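Content type CSV, C-alpha atoms, from the file query_16.csv:
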```
chain,number,residue,atom,x,y,z
Q,198,GLU,CA,0.0,0.0,0.0
Q,199,PHE,CA,1.5,3.3,-1.1
Q,200,ARG,CA,0.8,6.7,0.6
Q,201,THR,CA,2.3,9.7,-1.2
Q,202,ARG,CA,2.6,11.6,2.1
Q,203,GLU,CA,5.3,9.0,3.1
Q,204,VAL,CA,7.5,9.7,0.2
Q,205,PRO,CA,11.0,10.5,1.5
Q,206,SER,CA,11.9,14.1,0.8
Q,207,SER,CA,15.4,14.8,-0.6
Q,208,SER,CA,16.0,17.4,2.1
Q,209,SER,CA,15.6,14.8,4.9
Q,210,LEU,CA,17.8,12.1,3.3
Q,211,GLY,CA,21.3,11.4,4.3
Q,212,THR,CA,23.9,8.9,3.4
Q,213,SER,CA,24.6,7.8,6.9
Q,214,ARG,CA,22.4,5.8,9.2
Q,215,PRO,CA,20.9,7.8,12.1
Q,216,VAL,CA,22.1,7.0,15.5
Q,217,LEU,CA,19.2,6.1,17.8
Q,218,PRO,CA,19.0,6.3,21.6
Q,219,PRO,CA,20.4,3.3,23.3
Q,220,ASP,CA,17.1,2.3,24.7
Q,221,LEU,CA,15.3,2.3,21.3
Q,222,GLY,CA,15.8,-0.9,19.2
Q,223,GLU,CA,15.7,-1.0,15.5
Q,224,LYS,CA,14.8,-3.4,12.7
Q,225,PHE,CA,14.6,-3.3,8.9
Q,226,PHE,CA,11.6,-4.3,6.8
Q,227,PRO,CA,12.5,-6.9,4.2
Q,228,LEU,CA,12.7,-5.7,0.6
Q,229,SER,CA,10.1,-7.0,-1.8
Q,230,HIS,CA,12.6,-6.6,-4.7
Q,231,ASP,CA,16.0,-4.9,-5.3
Q,232,ALA,CA,16.3,-1.3,-6.4
Q,233,VAL,CA,19.2,1.0,-7.4
Q,234,ASP,CA,18.0,4.0,-5.4
Q,235,LEU,CA,17.1,2.4,-2.0
Q,236,ARG,CA,15.9,4.7,0.7
Q,237,TYR,CA,14.8,3.9,4.3
Q,238,ARG,CA,12.2,5.9,6.2
Q,239,PRO,CA,11.4,5.2,9.9
Q,240,ARG,CA,8.2,3.9,11.4
Q,241,LEU,CA,7.5,3.3,15.1
Q,242,ALA,CA,6.6,-0.4,15.8
Q,243,ALA,CA,4.6,-1.6,18.7
Q,244,GLU,CA,3.8,-5.2,19.6
Q,245,VAL,CA,0.6,-5.3,21.7
Q,246,ARG,CA,-1.3,-8.0,23.5
Q,247,LEU,CA,-5.1,-7.7,23.8
Q,248,HIS,CA,-7.5,-9.7,26.0
Q,249,TYR,CA,-11.1,-10.1,24.8
Q,250,VAL,CA,-13.7,-11.4,27.3
Q,251,HIS,CA,-17.4,-11.9,26.4
Q,252,ALA,CA,-19.4,-14.1,28.8
Q,253,ARG,CA,-22.4,-14.8,26.6
Q,254,SER,CA,-20.3,-16.2,23.8
Q,255,ARG,CA,-17.8,-17.8,26.2
Q,256,THR,CA,-15.1,-15.8,24.6
Q,257,ASP,CA,-11.8,-15.5,26.5
Q,258,GLU,CA,-9.2,-14.8,23.9
Q,259,TRP,CA,-5.7,-13.2,23.8
Q,260,ARG,CA,-4.4,-11.7,20.6
Q,261,THR,CA,-0.9,-10.4,19.8
Q,262,LEU,CA,-0.6,-7.8,17.1
Q,263,THR,CA,2.2,-5.6,15.7
Q,264,PHE,CA,1.5,-2.0,14.5
Q,265,LEU,CA,3.9,0.0,12.3
Q,266,VAL,CA,2.8,3.7,12.5
Q,267,PRO,CA,4.0,6.4,10.2
Q,268,LEU,CA,5.9,9.2,12.0
Q,269,ALA,CA,4.1,12.5,11.7
Q,270,ALA,CA,5.6,16.0,12.1
Q,271,ASP,CA,4.0,16.2,15.5
Q,272,THR,CA,5.1,13.1,17.4
Q,273,GLU,CA,2.8,13.9,20.3
Q,274,ILE,CA,-0.1,12.5,18.3
Q,275,LEU,CA,0.6,9.6,15.9
Q,276,PRO,CA,-1.9,8.4,13.2
Q,277,TRP,CA,-2.4,4.9,14.7
Q,278,GLU,CA,-5.3,4.3,12.2
Q,279,GLU,CA,-2.8,4.5,9.4
Q,280,SER,CA,-0.6,1.8,10.8
Q,281,LEU,CA,0.4,-1.4,9.0
Q,282,ARG,CA,-1.2,-4.2,11.1
Q,283,PHE,CA,0.3,-7.6,11.4
Q,284,SER,CA,-0.8,-10.8,13.2
Q,285,GLU,CA,1.1,-12.6,15.9
Q,286,HIS,CA,3.6,-14.3,13.6
Q,287,ASP,CA,4.3,-11.4,11.2
Q,288,PRO,CA,6.3,-9.6,10.2
Q,289,SER,CA,9.7,-11.1,10.1
Q,290,PHE,CA,12.2,-8.2,10.3
Q,291,ASP,CA,15.8,-8.1,9.2
Q,292,ASP,CA,18.5,-7.1,11.6
Q,293,HIS,CA,20.6,-5.2,9.1
Q,294,PRO,CA,19.9,-2.8,6.2
Q,295,ALA,CA,20.5,-3.5,2.6
Q,296,ASP,CA,23.8,-2.2,1.2
Q,297,GLY,CA,24.0,1.2,-0.4
Q,298,ALA,CA,20.8,2.6,1.2
Q,299,THR,CA,20.2,6.2,2.2
Q,300,PHE,CA,18.2,7.1,5.3
Q,301,GLU,CA,15.7,9.7,6.2
Q,302,SER,CA,16.3,11.4,9.5
Q,303,PHE,CA,14.7,10.2,12.7
Q,304,PRO,CA,12.6,12.7,14.8
Q,305,ALA,CA,14.8,13.8,17.7
Q,306,THR,CA,11.7,14.2,19.9
Q,307,LEU,CA,11.2,10.4,20.0
Q,308,GLY,CA,14.5,10.1,21.7
Q,309,ASP,CA,12.7,11.2,24.8
Q,310,SER,CA,11.6,8.1,26.8
Q,311,ARG,CA,8.9,10.2,28.5
Q,312,ARG,CA,7.4,11.2,25.2
Q,313,ARG,CA,7.4,7.5,24.1
Q,314,SER,CA,5.6,6.7,27.4
Q,315,ARG,CA,2.9,9.2,26.5
Q,316,LEU,CA,2.6,7.6,23.1
Q,317,GLN,CA,2.1,4.2,24.7
Q,318,LYS,CA,-0.8,5.7,26.7
Q,319,SER,CA,-2.4,7.2,23.6
Q,320,LEU,CA,-2.0,3.9,21.8
Q,321,THR,CA,-3.7,2.1,24.7
Q,322,ASP,CA,-6.7,4.4,24.5
Q,323,TRP,CA,-6.8,4.0,20.7
Q,324,LEU,CA,-6.6,0.2,20.9
Q,325,TYR,CA,-9.5,0.1,23.5
Q,326,ARG,CA,-11.7,2.2,21.2
Q,327,ASN,CA,-10.7,0.7,17.8
Q,328,GLU,CA,-9.3,-2.8,18.1
Q,329,VAL,CA,-12.7,-4.4,18.9
Q,330,LEU,CA,-13.6,-8.0,18.4
Q,331,THR,CA,-16.6,-8.3,16.1
Q,332,LEU,CA,-19.1,-11.0,16.8
Q,333,TRP,CA,-22.4,-11.7,15.1
Q,334,ASN,CA,-25.7,-12.3,17.0
Q,335,CYS,CA,-28.9,-13.9,15.8
Q,336,SER,CA,-31.4,-13.4,18.6
Q,337,GLU,CA,-34.1,-15.4,16.8
Q,338,LEU,CA,-32.0,-18.5,17.0
Q,339,LYS,CA,-30.2,-17.4,20.2
Q,340,GLU,CA,-26.9,-18.0,18.4
Q,341,LEU,CA,-23.6,-16.0,18.5
Q,342,SER,CA,-20.7,-16.3,16.1
Q,343,ALA,CA,-17.3,-17.6,17.3
Q,344,PRO,CA,-14.4,-15.2,17.5
Q,345,GLY,CA,-12.9,-14.7,14.1
Q,346,GLU,CA,-16.0,-16.2,12.3
Q,347,ALA,CA,-16.9,-13.9,9.4
Q,348,GLU,CA,-20.5,-12.9,8.9
Q,349,GLY,CA,-20.8,-15.0,5.7
Q,350,GLU,CA,-19.5,-18.1,7.5
Q,351,PHE,CA,-21.9,-17.4,10.4
Q,352,ARG,CA,-24.8,-17.2,7.9
Q,353,VAL,CA,-23.8,-20.6,6.4
Q,354,ARG,CA,-23.8,-22.1,9.9
Q,355,LEU,CA,-27.1,-20.5,10.7
Q,356,LYS,CA,-28.6,-22.1,7.5
Q,357,GLU,CA,-27.6,-25.6,8.7
Q,358,LEU,CA,-28.8,-24.8,12.2
Q,359,LEU,CA,-32.1,-23.5,10.9
Q,360,HIS,CA,-32.7,-26.6,8.9
Q,361,GLU,CA,-32.0,-28.8,12.0
Q,362,ARG,CA,-34.2,-26.7,14.2
Q,363,ARG,CA,-36.9,-26.6,11.7
Q,364,ASP,CA,-37.1,-30.4,11.5
Q,365,LEU,CA,-37.1,-30.5,15.3
Q,366,GLU,CA,-39.8,-27.9,15.6
Q,367,MET,CA,-41.9,-29.8,13.1
Q,368,GLU,CA,-41.6,-32.9,15.1
Q,369,LYS,CA,-42.6,-31.0,18.3
Q,370,LEU,CA,-45.6,-29.5,16.4
Q,371,ARG,CA,-46.8,-32.8,15.2
Q,372,ALA,CA,-46.5,-34.2,18.7
Q,373,LYS,CA,-48.4,-31.2,20.1
Q,374,TYR,CA,-51.3,-31.6,17.6
Q,375,LEU,CA,-51.6,-35.4,17.4
Q,376,PRO,CA,-53.6,-35.8,20.7
Q,377,ARG,CA,-55.8,-32.8,19.7
Q,378,PHE,CA,-56.5,-34.4,16.3
Q,379,SER,CA,-57.2,-37.7,18.0
Q,380,ARG,CA,-59.7,-36.1,20.5
Q,381,VAL,CA,-61.6,-34.4,17.7
Q,382,GLN,CA,-61.7,-37.5,15.5
Q,383,GLU,CA,-62.8,-39.6,18.4
Q,384,LYS,CA,-65.6,-37.1,19.1
Q,385,ILE,CA,-66.7,-37.3,15.4
Q,386,ARG,CA,-66.7,-41.1,15.6
Q,387,LYS,CA,-68.9,-41.1,18.6
Q,388,VAL,CA,-71.3,-38.4,17.3
Q,389,GLU,CA,-71.6,-40.3,14.0
Q,390,GLN,CA,-72.4,-43.5,15.9
Q,391,ARG,CA,-75.0,-41.5,17.9
Q,392,VAL,CA,-76.6,-40.2,14.7
Q,393,ASP,CA,-76.7,-43.7,13.3
Q,394,GLN,CA,-78.3,-45.1,16.4
Q,395,GLN,CA,-80.9,-42.3,16.5
Q,396,LYS,CA,-81.8,-42.8,12.9
Q,397,SER,CA,-82.1,-46.6,13.5
Q,398,ARG,CA,-84.4,-46.0,16.4
Q,399,TYR,CA,-86.4,-43.6,14.5
Q,400,ARG,CA,-86.9,-46.1,11.6
Q,401,GLN,CA,-88.0,-48.8,14.1
Q,402,GLN,CA,-90.4,-46.4,15.8
Q,403,GLY,CA,-91.9,-45.5,12.4
Q,404,ILE,CA,-92.5,-49.1,11.6
Q,405,ALA,CA,-94.2,-49.7,14.9
Q,406,THR,CA,-96.4,-46.7,14.5
Q,407,ALA,CA,-97.5,-47.9,11.1
Q,408,THR,CA,-98.3,-51.3,12.5
Q,409,ASP,CA,-100.4,-49.8,15.3
Q,410,ILE,CA,-102.3,-47.6,12.8
Q,411,GLY,CA,-103.0,-50.7,10.7
Q,412,ALA,CA,-104.3,-52.5,13.8
Q,413,THR,CA,-106.5,-49.6,14.7
Q,414,LEU,CA,-108.1,-49.7,11.3
Q,415,LEU,CA,-108.6,-53.4,11.5
Q,416,GLY,CA,-110.1,-53.1,15.0
Q,417,ALA,CA,-112.5,-50.4,13.9
Q,418,LEU,CA,-113.5,-52.5,10.9
Q,419,PHE,CA,-114.4,-55.6,13.0
Q,420,GLY,CA,-116.0,-53.5,15.8
Q,421,ARG,CA,-113.3,-54.1,18.6
Q,422,ARG,CA,-113.8,-50.7,20.2
Q,423,THR,CA,-111.6,-51.4,23.3
Q,424,SER,CA,-108.6,-52.7,21.4
Q,425,THR,CA,-109.1,-49.8,18.9
Q,426,ALA,CA,-108.9,-47.2,21.6
Q,427,ALA,CA,-105.8,-48.7,23.1
Q,428,ALA,CA,-104.2,-48.9,19.7
Q,429,VAL,CA,-104.9,-45.2,19.1
Q,430,ARG,CA,-103.4,-44.3,22.5
Q,431,ARG,CA,-100.3,-46.3,21.7
Q,432,THR,CA,-100.1,-44.8,18.2
Q,433,ALA,CA,-100.3,-41.3,19.6
Q,434,THR,CA,-97.6,-42.0,22.1
Q,435,ARG,CA,-95.2,-43.5,19.6
Q,436,ALA,CA,-95.9,-40.8,17.1
Q,437,GLY,CA,-94.8,-38.3,19.8
Q,438,ARG,CA,-91.7,-40.3,20.4
Q,439,ALA,CA,-90.9,-40.4,16.7
Q,440,ALA,CA,-91.2,-36.6,16.6
Q,441,GLY,CA,-88.9,-36.4,19.6
Q,442,GLY,CA,-86.5,-38.8,17.7
Q,443,ARG,CA,-86.4,-36.5,14.8
Q,444,ASP,CA,-85.4,-33.7,17.1
Q,445,THR,CA,-82.7,-35.9,18.7
Q,446,ILE,CA,-81.3,-36.8,15.3
Q,447,ALA,CA,-81.2,-33.1,14.3
Q,448,ARG,CA,-79.3,-32.2,17.4
Q,449,ALA,CA,-76.9,-35.1,16.9
Q,450,GLU,CA,-76.4,-34.0,13.3
Q,451,GLU,CA,-75.7,-30.4,14.5
Q,452,ASP,CA,-73.1,-31.9,17.0
Q,453,LEU,CA,-71.5,-33.8,14.1
Q,454,SER,CA,-71.4,-30.7,11.9
Q,455,ALA,CA,-69.8,-28.7,14.8
Q,456,ALA,CA,-67.2,-31.5,15.3
Q,457,ASN,CA,-66.3,-31.5,11.6
Q,458,GLU,CA,-65.9,-27.8,11.6
Q,459,ALA,CA,-63.6,-28.1,14.7
Q,460,LEU,CA,-61.5,-30.6,12.7
Q,461,ILE,CA,-61.3,-28.2,9.8
Q,462,ALA,CA,-60.3,-25.3,12.1
Q,463,LEU,CA,-57.7,-27.5,13.8
Q,464,GLU,CA,-56.2,-28.5,10.4
Q,465,ASP,CA,-56.0,-24.8,9.4
Q,466,GLN,CA,-54.3,-23.9,12.6
Q,467,PHE,CA,-51.8,-26.7,12.2
Q,468,ARG,CA,-51.1,-25.7,8.6
Q,469,ASP,CA,-50.5,-22.1,9.7
Q,470,ASP,CA,-48.2,-23.1,12.5
Q,471,ALA,CA,-46.3,-25.4,10.1
Q,472,MET,CA,-46.0,-22.7,7.5
Q,473,GLY,CA,-44.6,-20.3,10.1
Q,474,ILE,CA,-41.8,-22.8,10.8
Q,475,GLN,CA,-41.1,-23.8,7.2
Q,476,SER,CA,-41.1,-20.3,5.9
Q,477,ARG,CA,-38.2,-19.2,8.1
Q,478,ASP,CA,-35.0,-18.6,6.0
Q,479,VAL,CA,-31.6,-17.2,6.8
Q,480,ALA,CA,-32.3,-14.2,4.6
Q,481,THR,CA,-35.2,-13.3,6.9
Q,482,LEU,CA,-33.2,-13.5,10.1
Q,483,THR,CA,-31.9,-10.4,11.8
Q,484,ILE,CA,-28.2,-10.5,12.4
Q,485,GLU,CA,-26.7,-7.9,14.6
Q,486,GLU,CA,-23.1,-6.9,15.1
Q,487,VAL,CA,-21.7,-7.2,18.6
Q,488,ARG,CA,-18.5,-5.2,19.3
Q,489,VAL,CA,-16.3,-6.5,22.1
Q,490,ALA,CA,-13.6,-4.1,23.3
Q,491,PRO,CA,-10.4,-5.5,24.8
Q,492,ARG,CA,-10.1,-5.2,28.5
Q,493,LYS,CA,-8.3,-2.0,29.1
Q,494,SER,CA,-6.5,-3.2,32.2
Q,495,ASP,CA,-5.1,-6.2,30.2
Q,496,ILE,CA,-3.7,-4.2,27.3
Q,497,SER,CA,0.1,-4.6,27.3
Q,498,ILE,CA,2.5,-2.9,24.9
Q,499,ALA,CA,6.1,-3.9,24.4
Q,500,PRO,CA,8.7,-1.2,24.3
Q,501,PHE,CA,8.6,0.6,21.0
Q,502,ILE,CA,11.2,-0.1,18.3
Q,503,VAL,CA,12.1,1.7,15.1
Q,504,VAL,CA,11.4,-0.2,11.8
Q,505,TRP,CA,13.0,1.2,8.7
Q,506,MET,CA,10.7,0.9,5.6
Q,507,PRO,CA,12.4,0.6,2.2
Q,508,TRP,CA,11.5,3.0,-0.7
Q,509,THR,CA,12.8,3.9,-4.1
Q,510,VAL,CA,12.1,6.3,-6.9
Q,511,ASN,CA,11.6,4.7,-10.3
Q,512,ASP,CA,12.8,5.8,-13.7
Q,513,GLN,CA,9.7,8.0,-14.2
Q,514,GLY,CA,10.4,9.8,-10.9
Q,515,VAL,CA,7.5,8.1,-9.2
Q,516,PRO,CA,8.0,7.0,-5.6
Q,517,GLU,CA,7.6,3.3,-5.0
Q,518,ALA,CA,7.4,1.2,-1.9
Q,519,LEU,CA,9.8,-1.7,-1.7
Q,520,TRP,CA,7.8,-3.7,0.8
Q,521,GLU,CA,4.7,-5.7,0.7
Q,522,GLU,CA,1.9,-5.6,3.2
Q,523,ALA,CA,1.1,-9.1,4.5
```
Mind turning this structure into structure tokens?
Amino acid sequence: EFRTREVPSSSSLGTSRPVLPPDLGEKFFPLSHDAVDLRYRPRLAAEVRLHYVHARSRTDEWRTLTFLVPLAADTEILPWEESLRFSEHDPSFDDHPADGATFESFPATLGDSRRRSRLQKSLTDWLYRNEVLTLWNCSELKELSAPGEAEGEFRVRLKELLHERRDLEMEKLRAKYLPRFSRVQEKIRKVEQRVDQQKSRYRQQGIATATDIGATLLGALFGRRTSTAAAVRRTATRAGRAAGGRDTIARAEEDLSAANEALIALEDQFRDDAMGIQSRDVATLTIEEVRVAPRKSDISIAPFIVVWMPWTVNDQGVPEALWEEA
């Protein structure tokens, strides 16, 4: 990555290597390729250890990072956000410069250890505010990403998890509705049986009434008044029972209709609940960013060192970095 503001100026270049304070170590960034006009410009390097703790995700993680910050004119405030940032095992620095290199001057103010201590404090504050650990939270599935898990990876895992939970929830839904369906169907069976019984009784009463009417007519024909009167009374009684039987059948059929409607309503409710489960998709889930700051009390910064960064100017006069960002 090339920043024009870091181009070494000819006025600040010298042929000799600057002498640094004895308490300030130095290293050299490896060259990406050779160059005729090799120039070194200093950066301040800081190795830091950060501790991230997040109880809900069971995160308890330490990270070691190295920052190479450009040196501004005002060394009281350095642009930490413009630092090159390396993980624990990078970079690998050289102990000696390449032959024939020229050097830019080193700010004399950074020879003051007290000023470097203030810079360490400002770096601690910056790290606390900016070097946050990003987690991803899906409250609908009550799931948090693992440290270092990218949002895309988290969504892939959620898709698999959603499929598993959808199957499990469908099993629970079926188990919930099964006894309810059984009760309604059993009620329908019993009401149907009652309707059949009432209809059968009604048919039998109708036959008996017809028989009695026939007997009444025959008795009247042959002059048996007593038997005729009795038959008429029996016929009237059974006719009344038949009318009552029709009412009983009607009520039973109403009960059957109500039970069938209850079954339809239960089927609709089950279908709606099942659709609610099956329609859930990763794209519809809300995923929120959770930012975990490092514990400020646990931030540790190793003593600063100077790292010399290699530059050159090509044949067209354009400045060119001779290092590669990892």
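The space between atom CA of Gln394 of chain Q and atom CA of Phe378 of chain Q spans 24.3 Å.
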Review point. What is the distance between atom CA of Glu301 of chain Q and atom CA of Met506 of chain Q, in Å to one decimal?
Key: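 Interatomic distance here is 10.1 Å.
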Every residue with an atom at most 12 Å from (-63.7, -36.4, 20.4) (file coordinates; all atoms listed in the file) is what I'm after, so could you write them as a short mmCIF file (atom, residue, chain, number, x, y, z; two decimals) with C-alpha atoms, in the frame of the given file?
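File produced: part_10.cif:
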```cif
data_model
loop_
_atom_site.label_atom_id
_atom_site.label_comp_id
_atom_site.auth_asym_id
_atom_site.auth_seq_id
_atom_site.Cartn_x
_atom_site.Cartn_y
_atom_site.Cartn_z
CA PRO Q 376 -53.60 -35.80 20.70
CA ARG Q 377 -55.80 -32.80 19.70
CA PHE Q 378 -56.50 -34.40 16.30
CA SER Q 379 -57.20 -37.70 18.00
CA ARG Q 380 -59.70 -36.10 20.50
CA VAL Q 381 -61.60 -34.40 17.70
CA GLN Q 382 -61.70 -37.50 15.50
CA GLU Q 383 -62.80 -39.60 18.40
CA LYS Q 384 -65.60 -37.10 19.10
CA ILE Q 385 -66.70 -37.30 15.40
CA ARG Q 386 -66.70 -41.10 15.60
CA LYS Q 387 -68.90 -41.10 18.60
CA VAL Q 388 -71.30 -38.40 17.30
CA GLU Q 389 -71.60 -40.30 14.00
CA ASP Q 452 -73.10 -31.90 17.00
CA LEU Q 453 -71.50 -33.80 14.10
CA ALA Q 455 -69.80 -28.70 14.80
CA ALA Q 456 -67.20 -31.50 15.30
CA ASN Q 457 -66.30 -31.50 11.60
CA ALA Q 459 -63.60 -28.10 14.70
CA LEU Q 460 -61.50 -30.60 12.70
#
```
Point to revise | Separation of atom CA of Pro491 of chain Q from atom CA of Phe351 of chain Q, in Å and rounded to one decimal | key: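 Taking atom CA of Pro491 of chain Q as the start and atom CA of Phe351 of chain Q as the end point, the length is 21.9 Å.
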Review point. Could you name the residues that touch Arg391 of chain Q at 9 Å or less, counting only C-alpha atoms, but leaving out those on the same chain fewer than 6 positions away, as a ChimeraX atom specification?
Key: /Q:446,449-450
Revision key, fill the gap. From the list Q:Ala490, Q:Val392, Q:Leu332, Q:Ala471, the nearest residue to Ala447 of chain Q using only C-alpha atoms is Q:Val392
Point to revise | Near-His230 of chain Q list (10 Å; all atoms listed in the file; drop same-chain fewer than 5 positions) as JSON, numbers by chain | key: {"Q": [507, 518, 519, 520, 521]}
Review point. Which of these, Q:Val233, Q:Ala295, Q:Val245, Q:Leu358, has the shortest distance to Leu262 of chain Q once you count only C-alpha atoms?
Key: Q:Val245
Review point. If you count all atoms listed in the file, which residues fall within 9 Å of Arg236 of chain Q, apart from same-chain ones fewer than 5 positions away, as an NGL selection string?
Key: :Q and (205 or 210 or 297-301 or 506-510)
